[in-house]
>>> print(open('work-v9.tsv').read())   # TSV, C-alpha atoms
chain	number	residue	atom	x	y	z
A	253	MET	CA	15.77	14.52	-37.00
A	254	GLY	CA	13.22	12.30	-35.24
A	255	ARG	CA	13.69	10.26	-32.14
A	256	ALA	CA	15.99	7.26	-32.60
A	257	ARG	CA	14.19	3.90	-32.67
A	258	ILE	CA	15.28	0.40	-31.81
A	259	PHE	CA	15.41	-0.34	-35.56
A	260	ASP	CA	18.08	2.37	-35.92
A	261	VAL	CA	20.20	0.72	-33.23
A	262	ALA	CA	19.87	-2.67	-34.93
A	263	ALA	CA	20.93	-1.20	-38.28
A	264	ALA	CA	23.91	0.63	-36.75
A	265	ALA	CA	25.09	-2.47	-34.88
A	266	GLY	CA	24.42	-4.89	-37.74
A	267	VAL	CA	22.22	-7.16	-35.61
A	268	SER	CA	18.55	-8.01	-35.34
A	269	VAL	CA	15.98	-5.99	-33.40
A	270	THR	CA	15.56	-9.01	-31.09
A	271	THR	CA	19.26	-8.94	-30.26
A	272	VAL	CA	19.10	-5.23	-29.49
A	273	SER	CA	16.10	-5.76	-27.20
A	274	LEU	CA	17.80	-8.61	-25.33
A	275	VAL	CA	20.99	-6.59	-24.83
A	276	LEU	CA	19.38	-3.31	-23.75
A	277	ASN	CA	17.02	-5.12	-21.38
A	278	ASN	CA	19.91	-7.10	-19.84
A	279	ALA	CA	18.03	-10.32	-20.59
A	280	GLU	CA	19.67	-13.71	-20.14
A	281	SER	CA	20.95	-14.99	-23.50
A	282	ARG	CA	23.99	-16.46	-25.27
A	283	ILE	CA	24.88	-13.18	-26.95
A	284	SER	CA	28.62	-12.58	-26.71
A	285	GLU	CA	30.05	-9.68	-24.73
A	286	GLU	CA	31.57	-8.31	-27.94
A	287	THR	CA	28.12	-8.11	-29.59
A	288	ARG	CA	26.61	-6.63	-26.44
A	289	GLN	CA	29.19	-3.87	-26.40
A	290	ARG	CA	28.59	-3.19	-30.11
A	291	VAL	CA	24.87	-2.79	-29.46
A	292	ARG	CA	25.46	-0.46	-26.50
A	293	ASP	CA	27.86	1.65	-28.55
A	294	ALA	CA	25.36	1.83	-31.41
A	295	ALA	CA	22.55	2.89	-29.06
A	296	GLU	CA	24.70	5.68	-27.70
A	297	ALA	CA	25.80	6.76	-31.18
A	298	VAL	CA	22.25	7.13	-32.52
A	299	GLY	CA	20.94	8.67	-29.29
A	300	TYR	CA	18.52	5.89	-28.43
A	301	SER	CA	16.86	5.68	-24.99
A	302	ALA	CA	14.26	3.10	-24.06
A	303	SER	CA	10.73	4.32	-23.41
A	304	ALA	CA	10.06	4.72	-19.71
A	305	VAL	CA	6.53	3.40	-20.21
A	306	ALA	CA	7.72	0.35	-22.12
A	307	ARG	CA	10.39	-0.31	-19.52
A	308	GLY	CA	7.78	0.12	-16.76
A	309	LEU	CA	5.51	-2.47	-18.37
A	310	ARG	CA	8.36	-4.93	-18.11
A	311	THR	CA	9.82	-4.06	-14.69
A	312	GLN	CA	6.81	-2.37	-13.06
A	313	ARG	CA	9.21	0.49	-12.21
A	314	THR	CA	9.60	3.67	-14.28
A	315	ARG	CA	12.04	5.44	-11.91
A	316	ILE	CA	9.81	8.52	-12.17
A	317	VAL	CA	7.84	10.17	-9.37
A	318	GLY	CA	5.07	12.63	-10.11
A	319	LEU	CA	4.58	15.89	-8.22
A	320	ILE	CA	1.39	17.91	-8.71
A	321	SER	CA	1.35	21.33	-7.07
A	322	ASP	CA	-0.71	24.49	-7.08
A	323	GLN	CA	2.07	27.10	-7.16
A	324	ILE	CA	5.23	25.89	-5.40
A	325	ALA	CA	7.28	25.73	-8.61
A	326	THR	CA	6.65	29.44	-9.20
A	327	THR	CA	6.92	30.63	-5.58
A	328	PRO	CA	10.52	31.23	-4.45
A	329	PHE	CA	10.06	30.69	-0.70
A	330	ALA	CA	8.11	27.45	-1.22
A	331	GLY	CA	10.54	26.06	-3.78
A	332	ARG	CA	12.52	24.44	-0.98
A	333	MET	CA	9.81	21.76	-0.83
A	334	LEU	CA	10.61	20.85	-4.43
A	335	ALA	CA	14.33	20.80	-3.64
A	336	GLY	CA	13.82	18.41	-0.74
A	337	ALA	CA	11.62	16.11	-2.84
A	338	GLN	CA	14.10	16.12	-5.73
A	339	ASP	CA	17.06	15.31	-3.49
A	340	ALA	CA	15.27	12.36	-1.91
A	341	ALA	CA	14.16	11.11	-5.34
A	342	ARG	CA	17.66	11.39	-6.77
A	343	GLU	CA	19.12	9.40	-3.89
A	344	SER	CA	16.70	6.59	-4.75
A	345	GLY	CA	17.52	6.72	-8.45
A	346	HIS	CA	14.33	8.55	-9.45
A	347	MET	CA	13.48	11.67	-11.37
A	348	VAL	CA	10.61	14.05	-10.57
A	349	MET	CA	7.94	14.89	-13.13
A	350	LEU	CA	6.39	18.20	-12.05
A	351	VAL	CA	3.05	19.73	-13.04
A	352	ASP	CA	2.22	23.17	-11.62
A	353	THR	CA	-1.54	23.58	-11.99
A	354	GLY	CA	-2.04	27.11	-10.67
A	355	GLY	CA	-4.85	25.65	-8.57
A	356	GLU	CA	-7.03	24.84	-11.61
A	357	THR	CA	-9.15	21.75	-10.88
A	358	SER	CA	-9.37	20.72	-14.54
A	359	ILE	CA	-5.59	20.83	-14.88
A	360	GLU	CA	-5.18	18.79	-11.68
A	361	THR	CA	-7.48	16.07	-13.01
A	362	GLU	CA	-5.63	15.93	-16.33
A	363	ALA	CA	-2.26	15.83	-14.52
A	364	VAL	CA	-3.38	12.86	-12.42
A	365	ARG	CA	-4.56	11.08	-15.55
A	366	ALA	CA	-1.28	11.74	-17.39
A	367	MET	CA	0.91	10.61	-14.50
A	368	THR	CA	-1.00	7.41	-13.86
A	369	ALA	CA	-0.74	6.68	-17.58
A	370	GLN	CA	3.02	7.13	-17.26
A	371	GLN	CA	2.97	4.55	-14.44
A	372	VAL	CA	4.95	6.78	-12.07
A	373	ASP	CA	6.47	4.97	-9.09
A	374	GLY	CA	4.95	7.44	-6.64
A	375	LEU	CA	2.94	10.65	-6.54
A	376	LEU	CA	3.01	13.79	-4.36
A	377	TYR	CA	0.23	16.36	-4.15
A	378	ALA	CA	1.68	19.64	-2.85
A	379	ALA	CA	0.27	23.00	-1.79
A	380	MET	CA	2.01	26.35	-1.44
A	381	TRP	CA	0.58	26.93	2.04
A	382	HIS	CA	-0.81	24.82	4.87
A	383	ARG	CA	-4.45	24.02	4.06
A	384	GLY	CA	-7.00	21.31	3.56
A	385	ALA	CA	-7.22	20.04	-0.02
A	386	THR	CA	-9.87	18.04	-1.84
A	387	PRO	CA	-8.16	15.06	-3.52
A	388	PRO	CA	-8.45	15.31	-7.34
A	389	ALA	CA	-10.48	12.64	-9.12
A	390	GLY	CA	-8.53	9.48	-9.86
A	391	LEU	CA	-5.73	10.15	-7.38
A	392	PRO	CA	-4.06	6.76	-6.79
A	393	LYS	CA	-3.81	5.14	-3.38
A	394	GLY	CA	-0.49	5.92	-1.68
A	395	THR	CA	-0.28	9.51	-2.94
A	396	VAL	CA	1.38	11.69	-0.29
A	397	PHE	CA	0.03	15.18	0.49
A	398	LEU	CA	2.73	17.80	1.03
A	399	ASP	CA	2.08	21.01	3.04
A	400	CYS	CA	-1.63	20.19	3.03
A	401	TYR	CA	-3.91	17.43	4.27
A	402	PRO	CA	-6.61	15.55	2.34
A	403	ILE	CA	-10.14	16.57	3.25
A	404	GLY	CA	-11.85	13.33	4.15
A	405	GLY	CA	-8.57	11.50	4.83
A	406	GLY	CA	-7.40	8.42	2.97
A	407	PHE	CA	-3.83	9.60	2.20
A	408	PRO	CA	-0.69	10.24	4.29
A	409	SER	CA	0.31	13.89	4.64
A	410	VAL	CA	2.96	16.17	6.12
A	411	VAL	CA	2.29	19.72	7.37
A	412	PRO	CA	4.19	22.25	9.51
A	413	ASP	CA	3.39	22.23	13.23
A	414	ASP	CA	2.11	25.81	13.24
A	415	TRP	CA	0.59	25.50	16.72
A	416	ALA	CA	3.96	24.64	18.23
A	417	GLY	CA	5.58	27.30	16.02
A	418	GLY	CA	3.33	29.98	17.52
A	419	GLN	CA	4.28	28.81	21.00
A	420	ALA	CA	7.97	28.84	20.14
A	421	ALA	CA	7.79	32.44	18.92
A	422	VAL	CA	6.12	33.67	22.12
A	423	ARG	CA	8.39	31.63	24.37
A	424	GLU	CA	11.39	33.26	22.69
A	425	LEU	CA	10.02	36.68	23.64
A	426	LEU	CA	9.02	35.58	27.14
A	427	ALA	CA	12.54	34.28	27.72
A	428	ALA	CA	13.85	37.76	26.88
A	429	GLY	CA	11.64	39.23	29.61
A	430	HIS	CA	8.65	40.50	27.61
A	431	ARG	CA	5.13	40.44	29.01
A	432	ARG	CA	3.19	42.65	26.60
A	433	ILE	CA	3.51	40.62	23.40
A	434	ALA	CA	1.37	41.43	20.36
A	435	TYR	CA	0.40	39.13	17.52
A	436	LEU	CA	0.11	40.57	14.00
A	437	ASP	CA	-2.29	38.16	12.33
A	438	THR	CA	-3.41	37.86	8.71
A	439	SER	CA	-6.70	39.49	7.75
A	440	ASP	CA	-7.41	36.45	5.56
A	441	ARG	CA	-9.28	34.07	7.87
A	442	GLU	CA	-8.92	31.09	5.51
A	443	PRO	CA	-5.37	29.89	6.28
A	444	ILE	CA	-5.31	27.16	8.92
A	445	ALA	CA	-1.91	28.49	9.95
A	446	SER	CA	-3.51	31.73	11.17
A	447	ARG	CA	-5.69	29.91	13.70
A	448	LEU	CA	-2.97	27.47	14.76
A	449	ARG	CA	-0.33	30.16	15.30
A	450	HIS	CA	-2.78	32.29	17.27
A	451	ASP	CA	-3.74	29.29	19.40
A	452	GLY	CA	-0.05	28.64	20.06
A	453	TYR	CA	0.40	32.31	20.99
A	454	LEU	CA	-2.46	32.14	23.49
A	455	HIS	CA	-1.21	28.85	24.95
A	456	ALA	CA	2.29	30.24	25.57
A	457	LEU	CA	0.87	33.35	27.24
A	458	GLY	CA	-1.32	31.13	29.42
A	459	GLU	CA	1.68	29.02	30.43
A	460	ALA	CA	3.36	32.23	31.63
A	461	GLY	CA	0.28	33.33	33.57
A	462	ILE	CA	-0.41	36.27	31.27
A	463	GLU	CA	-3.99	37.28	30.53
A	464	PRO	CA	-4.23	38.00	26.75
A	465	ASP	CA	-5.09	41.60	25.86
A	466	PRO	CA	-7.45	41.68	22.83
A	467	ALA	CA	-5.94	45.03	21.82
A	468	LEU	CA	-2.64	43.23	21.15
A	469	HIS	CA	-4.17	40.90	18.53
A	470	VAL	CA	-4.47	42.89	15.30
A	471	HIS	CA	-5.02	41.85	11.68
A	472	GLY	CA	-3.56	43.05	8.41
A	473	GLU	CA	-2.66	42.05	4.89
A	474	THR	CA	0.25	39.60	4.68
A	475	SER	CA	2.55	42.19	3.15
A	476	ALA	CA	4.99	44.86	4.30
A	477	GLN	CA	2.29	47.49	3.83
A	478	GLY	CA	-0.21	45.45	5.85
A	479	GLY	CA	2.37	44.88	8.57
A	480	ARG	CA	3.11	48.59	8.84
A	481	ALA	CA	-0.56	49.53	9.16
A	482	ALA	CA	-1.10	46.90	11.87
A	483	ALA	CA	2.07	47.93	13.70
A	484	ASP	CA	0.97	51.58	13.67
A	485	GLU	CA	-2.29	50.51	15.30
A	486	LEU	CA	-0.32	48.83	18.09
A	487	LEU	CA	2.20	51.63	18.55
A	488	ASP	CA	-0.62	54.19	18.79
A	489	LEU	CA	-1.87	52.52	21.97
A	490	PRO	CA	-1.34	54.38	25.27
A	491	GLU	CA	2.13	53.83	26.66
A	492	ASP	CA	1.00	51.50	29.42
A	493	ARG	CA	-0.80	49.23	26.91
A	494	ARG	CA	1.73	49.37	24.08
A	495	PRO	CA	3.55	46.11	23.28
A	496	THR	CA	7.26	45.75	23.90
A	497	ALA	CA	7.43	42.86	21.43
A	498	ILE	CA	5.54	41.86	18.28
A	499	PHE	CA	5.12	38.36	16.82
A	500	CYS	CA	4.24	38.53	13.10
A	501	PHE	CA	2.27	36.03	11.02
A	502	ASN	CA	5.04	36.14	8.40
A	503	ASP	CA	8.35	37.82	7.60
A	504	ARG	CA	6.80	40.23	5.10
A	505	MET	CA	4.60	41.71	7.79
A	506	ALA	CA	7.71	42.03	9.96
A	507	ILE	CA	9.22	44.31	7.29
A	508	GLY	CA	6.29	46.65	7.88
A	509	VAL	CA	6.86	46.54	11.63
A	510	TYR	CA	10.48	47.60	11.07
A	511	THR	CA	9.30	50.50	8.90
A	512	ALA	CA	6.70	51.65	11.43
A	513	ALA	CA	9.23	51.48	14.26
A	514	HIS	CA	11.91	53.39	12.35
A	515	HIS	CA	9.49	56.16	11.38
A	516	ARG	CA	8.81	56.69	15.09
A	517	GLY	CA	12.49	56.77	15.95
A	518	LEU	CA	12.33	53.37	17.64
A	519	GLU	CA	15.30	51.04	17.44
A	520	ILE	CA	14.96	47.27	17.09
A	521	PRO	CA	15.51	45.48	19.46
A	522	ARG	CA	16.38	48.24	21.96
A	523	ASP	CA	12.86	49.71	21.94
A	524	LEU	CA	10.86	46.93	20.29
A	525	SER	CA	11.54	43.22	19.74
A	526	VAL	CA	10.19	41.47	16.64
A	527	VAL	CA	9.77	37.81	15.66
A	528	GLY	CA	8.67	36.75	12.17
A	529	TYR	CA	7.52	33.48	10.63
A	530	ASP	CA	8.65	31.59	7.48
A	531	ASP	CA	12.40	32.38	7.46
A	532	GLN	CA	11.81	33.63	3.93
A	533	GLN	CA	14.95	33.77	1.82
A	534	LEU	CA	16.21	37.26	0.96
A	535	VAL	CA	13.99	38.77	3.67
A	536	ALA	CA	14.68	37.63	7.24
A	537	ALA	CA	18.47	37.54	7.09
A	538	GLU	CA	18.70	40.77	5.07
A	539	LEU	CA	16.74	43.05	7.41
A	540	ASP	CA	18.64	45.46	9.66
A	541	PRO	CA	18.95	44.05	12.23
A	542	PRO	CA	18.52	40.49	10.90
A	543	LEU	CA	15.14	39.05	11.90
A	544	THR	CA	14.62	36.30	14.44
A	545	THR	CA	11.94	34.10	12.92
A	546	ILE	CA	10.25	30.70	12.92
A	547	ALA	CA	11.30	28.57	9.96
A	548	LEU	CA	8.83	26.64	7.86
A	549	PRO	CA	10.52	23.26	7.27
A	550	HIS	CA	9.83	23.24	3.52
A	551	TYR	CA	12.91	21.24	2.53
A	552	GLU	CA	12.43	18.65	5.28
A	553	MET	CA	8.73	18.23	4.42
A	554	GLY	CA	9.63	17.68	0.76
A	555	ARG	CA	12.14	14.97	1.69
A	556	TRP	CA	9.71	13.28	4.08
A	557	ALA	CA	6.91	13.19	1.52
A	558	MET	CA	9.15	11.75	-1.20
A	559	GLU	CA	10.61	9.10	1.12
A	560	VAL	CA	7.12	7.99	2.11
A	561	ALA	CA	5.95	7.92	-1.51
A	562	LEU	CA	8.91	5.70	-2.47
A	563	GLY	CA	8.60	3.44	0.56
A	564	VAL	CA	11.96	4.55	1.97
A	565	ARG	CA	10.17	5.79	5.10
A	566	ALA	CA	7.20	4.02	6.70
A	567	GLU	CA	4.24	6.39	7.01
A	568	GLY	CA	2.18	4.36	9.50
A	569	ASP	CA	-1.56	4.64	8.91
A	570	GLU	CA	-2.54	5.40	5.34
A	571	ASP	CA	-4.26	8.62	6.40
A	572	ALA	CA	-1.76	9.64	9.10
A	573	SER	CA	-0.86	13.34	9.20
A	574	HIS	CA	2.71	14.11	10.24
A	575	ARG	CA	3.36	17.51	11.87
A	576	MET	CA	6.91	18.74	11.37
A	577	GLU	CA	8.73	21.02	13.79
A	578	CYS	CA	9.12	24.70	12.91
A	579	PRO	CA	12.44	25.70	14.54
A	580	VAL	CA	13.38	29.12	15.91
A	581	ILE	CA	16.04	30.88	13.81
A	582	ARG	CA	17.72	33.29	16.21
A	583	ARG	CA	19.20	36.48	14.80
A	584	SER	CA	19.29	40.00	16.24
A	585	SER	CA	15.73	41.36	16.48
A	586	VAL	CA	14.97	40.16	20.03
A	587	GLY	CA	16.26	41.80	23.18
A	588	PRO	CA	15.01	42.62	26.68
A	589	PRO	CA	12.12	45.05	27.15
A	590	PRO	CA	13.13	48.73	27.04
A	591	ALA	CA	14.48	50.11	30.30
A	592	HIS	CA	11.69	52.67	30.70
A	593	VAL	CA	9.11	49.86	30.76
A	594	GLY	CA	10.86	48.30	33.72
A	595	LYS	CA	10.95	51.66	35.52
A	596	GLN	CA	7.28	52.24	34.77
A	597	ASN	CA	6.39	48.81	36.14
A	598	ARG	CA	8.44	49.40	39.26
A	599	ARG	CA	6.75	52.77	39.85
A	600	ARG	CA	3.35	51.12	39.48
A	601	ALA	CA	4.37	48.28	41.82
A	602	SER	CA	5.82	50.78	44.29
A	603	HIS	CA	2.56	52.73	44.35
A	604	VAL	CA	0.64	49.55	45.14
A	605	THR	CA	3.00	47.76	47.55
A	606	GLU	CA	4.98	50.41	49.40
A	607	GLY	CA	4.00	51.45	52.89
A	608	PRO	CA	5.24	54.75	54.25
A	609	ARG	CA	7.35	56.97	52.02
A	610	GLY	CA	10.94	55.73	51.93
A	611	ALA	CA	10.15	52.02	52.46
A	612	ALA	CA	12.90	49.55	51.66
A	613	PRO	CA	13.56	49.50	47.90
A	614	ASP	CA	13.91	45.72	47.73
A	615	ARG	CA	10.14	45.45	48.14
A	616	VAL	CA	9.78	47.39	44.88
A	617	THR	CA	12.34	45.53	42.78
A	618	ASP	CA	10.74	42.19	43.64
A	619	VAL	CA	8.01	43.01	41.11
A	620	GLY	CA	9.73	44.04	37.91
A	621	VAL	CA	9.24	43.21	34.24
A	622	GLY	CA	9.33	39.51	35.00
A	623	HIS	CA	5.78	39.76	36.42
A	624	GLN	CA	2.48	40.43	34.78
A	625	GLU	CA	1.34	44.03	34.56
>>> encode(input="work-v9.tsv", output="structure tokens")
Amino acid sequence: MGRARIFDVAAAAGVSVTTVSLVLNNAESRISEETRQRVRDAAEAVGYSASAVARGLRTQRTRIVGLISDQIATTPFAGRMLAGAQDAARESGHMVMLVDTGGETSIETEAVRAMTAQQVDGLLYAAMWHRGATPPAGLPKGTVFLDCYPIGGGFPSVVPDDWAGGQAAVRELLAAGHRRIAYLDTSDREPIASRLRHDGYLHALGEAGIEPDPALHVHGETSAQGGRAAADELLDLPEDRRPTAIFCFNDRMAIGVYTAAHHRGLEIPRDLSVVGYDDQQLVAAELDPPLTTIALPHYEMGRWAMEVALGVRAEGDEDASHRMECPVIRRSSVGPPPAHVGKQNRRRASHVTEGPRGAAPDRVTDVGVGHQE
């Protein structure tokens, strides 16, 4: 059976097509309430719904928002962006029309064309990971970029504050007493997040008066296997240069750190503290012990972008980029440095600062793990 038409409603209600149009469009007329109800009942009975495009031509509002993405609809940990956008749209009486392009430029261009033809009330352009994106041809003014920023500007955007997130991770470890903190970075130099998180790492160390050790910045694939290989490189360092804590580019690399530590008989966090990044579902909270990590605010970014696209939230300048906080999610993978590190530091400090054998011990304990090696 084909789609019900307005003629079918008119036939079922025993009225003219004009009457049906006036009733369903809530137009001012002298049509009685009894006839109006008969038309509404007939429309429901035959399964008629007005064309969104036709309704948009009349009201200039289709109640539909378009969302074009590269892969977020098929990536579980990025799907929270879609959930946030959908919730904000629903609260404003809108539905989301999603096109997942797989990053194909030709599909992006066709998606933009189709959505503008549908006269969507707003449009989001989303990426799976923080990056710069070239706006597709024909992208309408007012489109909001989600988890990416437009190369060349011209559109509002929202991205995670990865620089502050890197700082937050290191500060968490510093607060626990660590001084030798490693950063497991991605071997892929393209992600902007890699540079920003590393810059945040360096800034936090500098705030604490710690000179960065290049040996503690290692690269690997953003996977459990890559994390294990990078962690092995760090744990193979001489004892006095080995890290007591590791900050990982993402939670999957942290899985590899756990594996490397366990294979050496090390216990987390007694012997080694670990902080991840992403707060990836079914990873961070399920590790043993559960992983302290930095959360990517996917849901909040999705809401923000949708609210800006619909005019619920003022975005400021048309090409303003909003950086959203990446909060620390505290679990059980961070503790104080291992006791033997403190003893080693005290022995080293004692060798440097003590006078004659048997000098007062309080001169030694003044320089413990809270000071730079």
>>> atom_distance(input="work-v9.tsv", atom1="CA of Ala330 (chain A)", atom2="CA of Met553 (chain A)")
10.8 Å
>>> residues_near_point(input="work-v9.tsv", point="(5.5, 29.8, 11.6)", cutoff="7 Å", atoms="only C-alpha atoms", output="list in words")
Asp414, Gly417, Gly418, Arg449, Tyr529, Asp530, Ile546, Ala547, Leu548 and Cys578 of chain A
>>> residues_near_point(input="work-v9.tsv", point="(1.3, 23.9, 2.8)", cutoff="7 Å", atoms="only C-alpha atoms", output="PyMOL selection string")
chain A and resi 379-383+398-400+411
>>> closest_residue(input="work-v9.tsv", among="A:Ala428, A:Leu543, A:Ala295, A:Trp415", to="Arg447 (chain A)", atoms="only C-alpha atoms")
A:Trp415
>>> closest_residue(input="work-v9.tsv", among="A:Pro392, A:Gly479, A:Gly528, A:Gly384", to="Ala513 (chain A)", atoms="all atoms listed in the file")
A:Gly479
>>> residues_around(input="work-v9.tsv", residues="Thr361 (chain A)", least_positions_apart="5", cutoff="9 Å", atoms="all atoms listed in the file", output="list in words")
Glu356, Ala366, Pro388, Ala389, Gly390 and Leu391 of chain A
>>> residues_around(input="work-v9.tsv", residues="Thr474 (chain A)", least_positions_apart="5", cutoff="8 Å", atoms="all atoms listed in the file", output="number ranges by chain")
A: 438-439, 479, 501-502, 504-505
>>> atom_distance(input="work-v9.tsv", atom1="CA of Ile324 (chain A)", atom2="CA of Val410 (chain A)")
15.2 Å
>>> residues_around(input="work-v9.tsv", residues="Thr368 (chain A)", least_positions_apart="4", cutoff="12 Å", atoms="only C-alpha atoms", output="JSON, numbers by chain")
{"A": [305, 308, 314, 316, 317, 318, 319, 320, 349, 361, 362, 363, 364, 372, 373, 374, 375, 389, 390, 391, 392, 393, 395]}
>>> atom_distance(input="work-v9.tsv", atom1="CA of Ala378 (chain A)", atom2="CA of Glu538 (chain A)")
28.3 Å
